[in-house]
Structures are given as C-alpha cells and as structure tokens.
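Q: The structure that follows is given in the form of structure tokens.
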Amino acid sequence: MLCLVFTFSFTVNGQIETPAPSPFQKIEQVVGLTDVHLEYSRPAMRGRVIFGDLVPFGKVWRTGANSRTKITFGDDVTVGGQKLEAGSYGILTIPQADSWEVIFYSEADGGGAPAQLDEEKIAARVKATTVAMPMNIDSFTISFDDLTSSSAVLGFMWEKTYVGVEFEVPTDDMVSAAIDRIMSGPGAGDYYAAAVYYLSEGKDISMAKKWMDKAMSMTENPRFWQLRQQSLIYAKAGDTKGAIELAKRSLAAAEKAGNADYVKMNKESIAEWMQ
C-alpha cells in the first residue's frame, strides 16, 4: 500500500504544469500583400547583464531561447539588397556593442545556434547598428516596426538595446501584375481599386483619373466614399473645379448617410480647394 501511495503521488506531481522560463511566441504579420510568420522564445533579464555577458559579443547567438528563432516569408523579399526566396529561415545574430550581424539561415529548424556557420546556408547577412534605449526591456522581444505597403523593420529589443533590420516585399510588382492581368476585362471594382492604389502610392495620376472615371461610369449610384476618392484623384491631377464638384456630391451623400467623418473631411477639402 505504501508503494502504491508513493507511485500515485509521483504520477500526480508529474502532471503539474509550470510556466516556461522563456515563453514561446508566434506572430503573424501581413506586410503589403505578403504574409510573414515569426516563431521564437523570449528569455527574461532576471537581474542579469545580457549583452557582453549572458550573450557574449562576437559569438553566434540563436536570437532567443530554446529552439532556433524562425521567420517564414510568403513571397520573395529583399533584405539589405539581398533576395530571400519565399520560405523559412532561422534568424541567427552576432551581437557587438555598437552593431549586430543578422543572419538569415536556410536551416531554419534546430535547438540553437550551429557550432559552426555553414556559408552555403547563409541566405542573407546584414549589419545593423545598435540603438541605446532609455529603459530596460526585461523580456527579449522581436517586433514588426515601421510598416508600409512595401516594407517593414524587424526589430530586436532586450536590455537597453534595439536593433532594426528593414526588409522589402514585392507589393508594387504584385499589384501591378494583377492590374495588367485583369485590365483585359475589368469591372468597376477593378478600375476603382487600381485607381485608389495609384493615388496612394503616388503613381501615374492621369491613369488613376482615367480608371476612376471608368469605374464611376460603370457604377449606378456611387457611394460617398467612392466619390471622396474620386475627388482626391481629381485634386491630385490638378482639376480643382472637378474635385470640388465631386466633394460636394460626396458631402451630400455622407450627410444623408449620417457619416460625420466624411462630412468633416469633405468640408475641409472643399474649403482648401476653394482658396
């Protein structure tokens, strides 16, 4: 009986879960039109000196804890002028006091940094300057910063150190290819989306105006937000009179719909364009 009691006790104790010292995190981020997935573990300072001590300078670091930090790109991207094909990469780093080498390693899975780097597995290597922060970041953190439609900065933060590595995604190539492909038989929504994209990205505004006019001619009752975008394109194209007329139509439709935001935006634009 005594043996049975002890056996039962150990079985119960073995089922007790405790928090991981370095919690796992998974982040999914869309940059432009590209899906990016990041998986890593987050060690904490716990009163320790990190860089130059716990994480030695000049040595390859797994960039986190436990399994190797892994990033997956849904499309081909560019980092530091170097092309990374769609797929998964391990993120290895070599920290120094004033800069880091950030390495995208084709061998994404593993328990930590390799004992020796295989140059054939280095898909890209980027040098990034460290930035001193005014406060401690207790838990190691990787973030997606400064998002635009065509790029993002992969940020590494721990202790009082921040390092950022920019990568670019092929948004313009993808959208332009879609526009070219679909323009052989586009509908009103296609013309509208292409026109708004050209406006937001500062591309050929005369073409944006042409597409928007086509979209509106195919739309029986344009909504206030569509007229708003058309007015902005007209203003950007230098047709102030046309822009004001469209903004007034958008204003009237927004007032009827009870949309205060568009009422305010249209009134401000009309006042600006009438100066």
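Chain lettering (A, B, ...) mirrors the order of the structure tokens, residue numbering begins at 1 for each chain separately, and ligand numbering begins at 1 in order of display.
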Using only C-alpha atoms, tabulate the residues of region 77-98 of chain A lying at most 9 Å from any atom of region 104-116 of chain A, each with its closest atom pair and that distance in Å to one decimal, by chain and increasing residue number, as a tab-separated table.
A:
```
residue	atom	partner	partner_atom	distance
A:Leu84	CA	A:Phe104	CA	8.5
A:Gly87	CA	A:Ser106	CA	8.8
A:Ser88	CA	A:Ala108	CA	6.0
A:Tyr89	CA	A:Ala108	CA	4.5
A:Gly90	CA	A:Ala108	CA	3.9
A:Ile91	CA	A:Phe104	CA	5.0
A:Leu92	CA	A:Phe104	CA	6.5
A:Thr93	CA	A:Phe104	CA	8.7
```
Q: Give me the residues near region 56-58 of chain A as a list of chain:residue names, where near means some atom within 8 Å (using only C-alpha atoms) and where sequence neighbours in that chain fewer than 4 positions away do not count.
A: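 Listed by chain and then number, they are A:Phe51, A:Gly52, A:Ile94, A:Pro95, A:Gln96, A:Ala97.
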Q: Using N, CA and C atoms, can you export the residues from the last selection as a PDB file, in the first residue's frame?
A:
```pdb
ATOM      1  N   PHE A  51      23.965  41.670 -22.797  1.00  0.00           N
ATOM      2  CA  PHE A  51      24.911  41.730 -23.914  1.00  0.00           C
ATOM      3  C   PHE A  51      26.329  41.993 -23.415  1.00  0.00           C
ATOM      4  N   GLY A  52      27.217  41.141 -23.875  1.00  0.00           N
ATOM      5  CA  GLY A  52      28.597  41.187 -23.405  1.00  0.00           C
ATOM      6  C   GLY A  52      28.832  40.254 -22.234  1.00  0.00           C
ATOM      7  N   ILE A  94      25.043  37.892 -34.511  1.00  0.00           N
ATOM      8  CA  ILE A  94      26.346  38.023 -33.851  1.00  0.00           C
ATOM      9  C   ILE A  94      26.380  39.417 -33.252  1.00  0.00           C
ATOM     10  N   PRO A  95      25.998  39.570 -31.984  1.00  0.00           N
ATOM     11  CA  PRO A  95      25.954  40.898 -31.367  1.00  0.00           C
ATOM     12  C   PRO A  95      27.343  41.455 -31.080  1.00  0.00           C
ATOM     13  N   GLN A  96      27.476  42.750 -31.267  1.00  0.00           N
ATOM     14  CA  GLN A  96      28.618  43.527 -30.801  1.00  0.00           C
ATOM     15  C   GLN A  96      28.050  44.726 -30.052  1.00  0.00           C
ATOM     16  N   ALA A  97      28.897  45.489 -29.395  1.00  0.00           N
ATOM     17  CA  ALA A  97      28.417  46.621 -28.599  1.00  0.00           C
ATOM     18  C   ALA A  97      27.730  47.665 -29.468  1.00  0.00           C
TER      19      ALA A  97
END
```
Q: Closest to Asp173 (chain A) among A:Glu272, A:Glu120, A:Glu39, A:Asp75, using only C-alpha atoms?
A: A:Asp75
Q: Run DSSP on the backbone and give me the residues of region 30-79 of chain A it puts in strand (DSSP E or B), as a PyMOL selection string.
A: chain A and resi 30-31+34-41+44+51+55+61+70-73+77-79
Q: Store the residues of this selection in a file with N, CA and C atoms, as a PDB file, in the first residue's frame.
A:
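The result, written out as result_18.pdb:
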```
ATOM      1  N   VAL A  30       1.009  40.740 -41.806  1.00  0.00           N
ATOM      2  CA  VAL A  30       0.910  40.978 -43.246  1.00  0.00           C
ATOM      3  C   VAL A  30       1.632  42.287 -43.549  1.00  0.00           C
ATOM      4  N   VAL A  31       2.610  42.225 -44.433  1.00  0.00           N
ATOM      5  CA  VAL A  31       3.345  43.416 -44.869  1.00  0.00           C
ATOM      6  C   VAL A  31       3.012  43.620 -46.344  1.00  0.00           C
ATOM      7  N   THR A  34       2.149  40.468 -48.387  1.00  0.00           N
ATOM      8  CA  THR A  34       2.979  39.311 -48.058  1.00  0.00           C
ATOM      9  C   THR A  34       2.764  38.860 -46.615  1.00  0.00           C
ATOM     10  N   ASP A  35       2.457  37.581 -46.435  1.00  0.00           N
ATOM     11  CA  ASP A  35       2.320  37.014 -45.096  1.00  0.00           C
ATOM     12  C   ASP A  35       3.701  36.697 -44.532  1.00  0.00           C
ATOM     13  N   VAL A  36       3.926  37.141 -43.295  1.00  0.00           N
ATOM     14  CA  VAL A  36       5.187  36.860 -42.616  1.00  0.00           C
ATOM     15  C   VAL A  36       4.864  36.230 -41.259  1.00  0.00           C
ATOM     16  N   HIS A  37       5.500  35.112 -40.955  1.00  0.00           N
ATOM     17  CA  HIS A  37       5.282  34.403 -39.693  1.00  0.00           C
ATOM     18  C   HIS A  37       6.599  34.354 -38.921  1.00  0.00           C
ATOM     19  N   LEU A  38       6.525  34.587 -37.623  1.00  0.00           N
ATOM     20  CA  LEU A  38       7.712  34.593 -36.766  1.00  0.00           C
ATOM     21  C   LEU A  38       7.456  33.714 -35.554  1.00  0.00           C
ATOM     22  N   GLU A  39       8.408  32.842 -35.233  1.00  0.00           N
ATOM     23  CA  GLU A  39       8.305  31.967 -34.062  1.00  0.00           C
ATOM     24  C   GLU A  39       9.606  32.057 -33.263  1.00  0.00           C
ATOM     25  N   TYR A  40       9.475  32.363 -31.969  1.00  0.00           N
ATOM     26  CA  TYR A  40      10.678  32.461 -31.138  1.00  0.00           C
ATOM     27  C   TYR A  40      10.316  32.360 -29.664  1.00  0.00           C
ATOM     28  N   SER A  41      11.324  32.153 -28.829  1.00  0.00           N
ATOM     29  CA  SER A  41      11.129  32.109 -27.384  1.00  0.00           C
ATOM     30  C   SER A  41      11.764  33.331 -26.743  1.00  0.00           C
ATOM     31  N   ALA A  44      14.087  36.195 -20.214  1.00  0.00           N
ATOM     32  CA  ALA A  44      13.989  37.430 -19.439  1.00  0.00           C
ATOM     33  C   ALA A  44      15.344  37.778 -18.813  1.00  0.00           C
ATOM     34  N   PHE A  51      23.965  41.670 -22.797  1.00  0.00           N
ATOM     35  CA  PHE A  51      24.911  41.730 -23.914  1.00  0.00           C
ATOM     36  C   PHE A  51      26.329  41.993 -23.415  1.00  0.00           C
ATOM     37  N   VAL A  55      24.855  36.992 -23.189  1.00  0.00           N
ATOM     38  CA  VAL A  55      25.018  36.856 -24.642  1.00  0.00           C
ATOM     39  C   VAL A  55      26.361  37.481 -25.005  1.00  0.00           C
ATOM     40  N   TRP A  61      24.575  33.805 -31.881  1.00  0.00           N
ATOM     41  CA  TRP A  61      23.504  33.632 -30.904  1.00  0.00           C
ATOM     42  C   TRP A  61      22.253  33.142 -31.624  1.00  0.00           C
ATOM     43  N   LYS A  70      12.661  31.389 -35.875  1.00  0.00           N
ATOM     44  CA  LYS A  70      12.344  31.085 -37.283  1.00  0.00           C
ATOM     45  C   LYS A  70      11.392  32.122 -37.854  1.00  0.00           C
ATOM     46  N   ILE A  71      11.703  32.590 -39.057  1.00  0.00           N
ATOM     47  CA  ILE A  71      10.826  33.510 -39.782  1.00  0.00           C
ATOM     48  C   ILE A  71      10.474  32.889 -41.123  1.00  0.00           C
ATOM     49  N   THR A  72       9.212  33.056 -41.525  1.00  0.00           N
ATOM     50  CA  THR A  72       8.738  32.489 -42.786  1.00  0.00           C
ATOM     51  C   THR A  72       8.107  33.589 -43.626  1.00  0.00           C
ATOM     52  N   PHE A  73       8.585  33.738 -44.857  1.00  0.00           N
ATOM     53  CA  PHE A  73       8.068  34.732 -45.795  1.00  0.00           C
ATOM     54  C   PHE A  73       7.184  34.037 -46.833  1.00  0.00           C
ATOM     55  N   VAL A  77      11.383  38.198 -50.745  1.00  0.00           N
ATOM     56  CA  VAL A  77      11.591  39.515 -50.151  1.00  0.00           C
ATOM     57  C   VAL A  77      13.050  39.927 -50.366  1.00  0.00           C
ATOM     58  N   THR A  78      13.344  41.170 -49.995  1.00  0.00           N
ATOM     59  CA  THR A  78      14.703  41.682 -50.108  1.00  0.00           C
ATOM     60  C   THR A  78      15.135  42.244 -48.761  1.00  0.00           C
ATOM     61  N   VAL A  79      16.313  41.869 -48.311  1.00  0.00           N
ATOM     62  CA  VAL A  79      16.849  42.400 -47.061  1.00  0.00           C
ATOM     63  C   VAL A  79      18.306  42.807 -47.303  1.00  0.00           C
TER      64      VAL A  79
END
```
Q: Within 12 Å of region 198-212 of chain A, which residues of region 61-177 of chain A show up? Give each one with its shortest atom-to-atom distance in Å (one decimal) and the two atoms involved, counting only C-alpha atoms, rows by chain then rising residue number, as CSV.
A:
```
residue,atom,partner,partner_atom,distance
A:Thr148,CA,A:Glu201,CA,10.6
A:Ser149,CA,A:Glu201,CA,8.7
A:Ser150,CA,A:Glu201,CA,10.0
A:Thr171,CA,A:Glu201,CA,10.7
A:Asp172,CA,A:Glu201,CA,8.8
A:Val175,CA,A:Tyr198,CA,10.0
A:Ser176,CA,A:Tyr198,CA,9.6
```
Q: Restrict the selected residues to N, CA and C atoms and save them as an mmCIF file, in the first residue's frame.
A:
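Done, and the output landed in part_9.cif:
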```cif
data_model
loop_
_atom_site.group_PDB
_atom_site.id
_atom_site.type_symbol
_atom_site.label_atom_id
_atom_site.label_comp_id
_atom_site.auth_asym_id
_atom_site.auth_seq_id
_atom_site.Cartn_x
_atom_site.Cartn_y
_atom_site.Cartn_z
ATOM 1 N N THR A 148 4.998 49.733 -43.858
ATOM 2 C CA THR A 148 4.488 50.454 -45.017
ATOM 3 C C THR A 148 3.879 49.414 -45.956
ATOM 4 N N SER A 149 3.374 49.860 -47.086
ATOM 5 C CA SER A 149 2.800 48.917 -48.042
ATOM 6 C C SER A 149 3.861 48.071 -48.734
ATOM 7 N N SER A 150 5.135 48.450 -48.579
ATOM 8 C CA SER A 150 6.186 47.722 -49.293
ATOM 9 C C SER A 150 7.362 47.308 -48.418
ATOM 10 N N THR A 171 5.235 44.275 -53.108
ATOM 11 C CA THR A 171 3.839 44.695 -53.242
ATOM 12 C C THR A 171 3.561 45.339 -54.590
ATOM 13 N N ASP A 172 4.402 46.289 -54.980
ATOM 14 C CA ASP A 172 4.138 47.005 -56.227
ATOM 15 C C ASP A 172 4.173 46.059 -57.417
ATOM 16 N N VAL A 175 0.871 43.997 -57.272
ATOM 17 C CA VAL A 175 -0.327 44.759 -57.636
ATOM 18 C C VAL A 175 -0.291 45.134 -59.116
ATOM 19 N N SER A 176 0.867 45.584 -59.580
ATOM 20 C CA SER A 176 0.990 45.970 -60.983
ATOM 21 C C SER A 176 0.713 44.796 -61.910
#
```
Q: At a cut-off of 9 Å, using only C-alpha atoms, what residues contact Leu251 (chain A)? Leave out same-chain residues fewer than 4 positions from it and give the result as a list in words.
A: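 Here the answer would be Phe224, Leu227, Arg228, Leu246, Ala247, Glu255, Lys256, Tyr262, Val263, Lys264, Met265, Asn266 and Lys267 of chain A.
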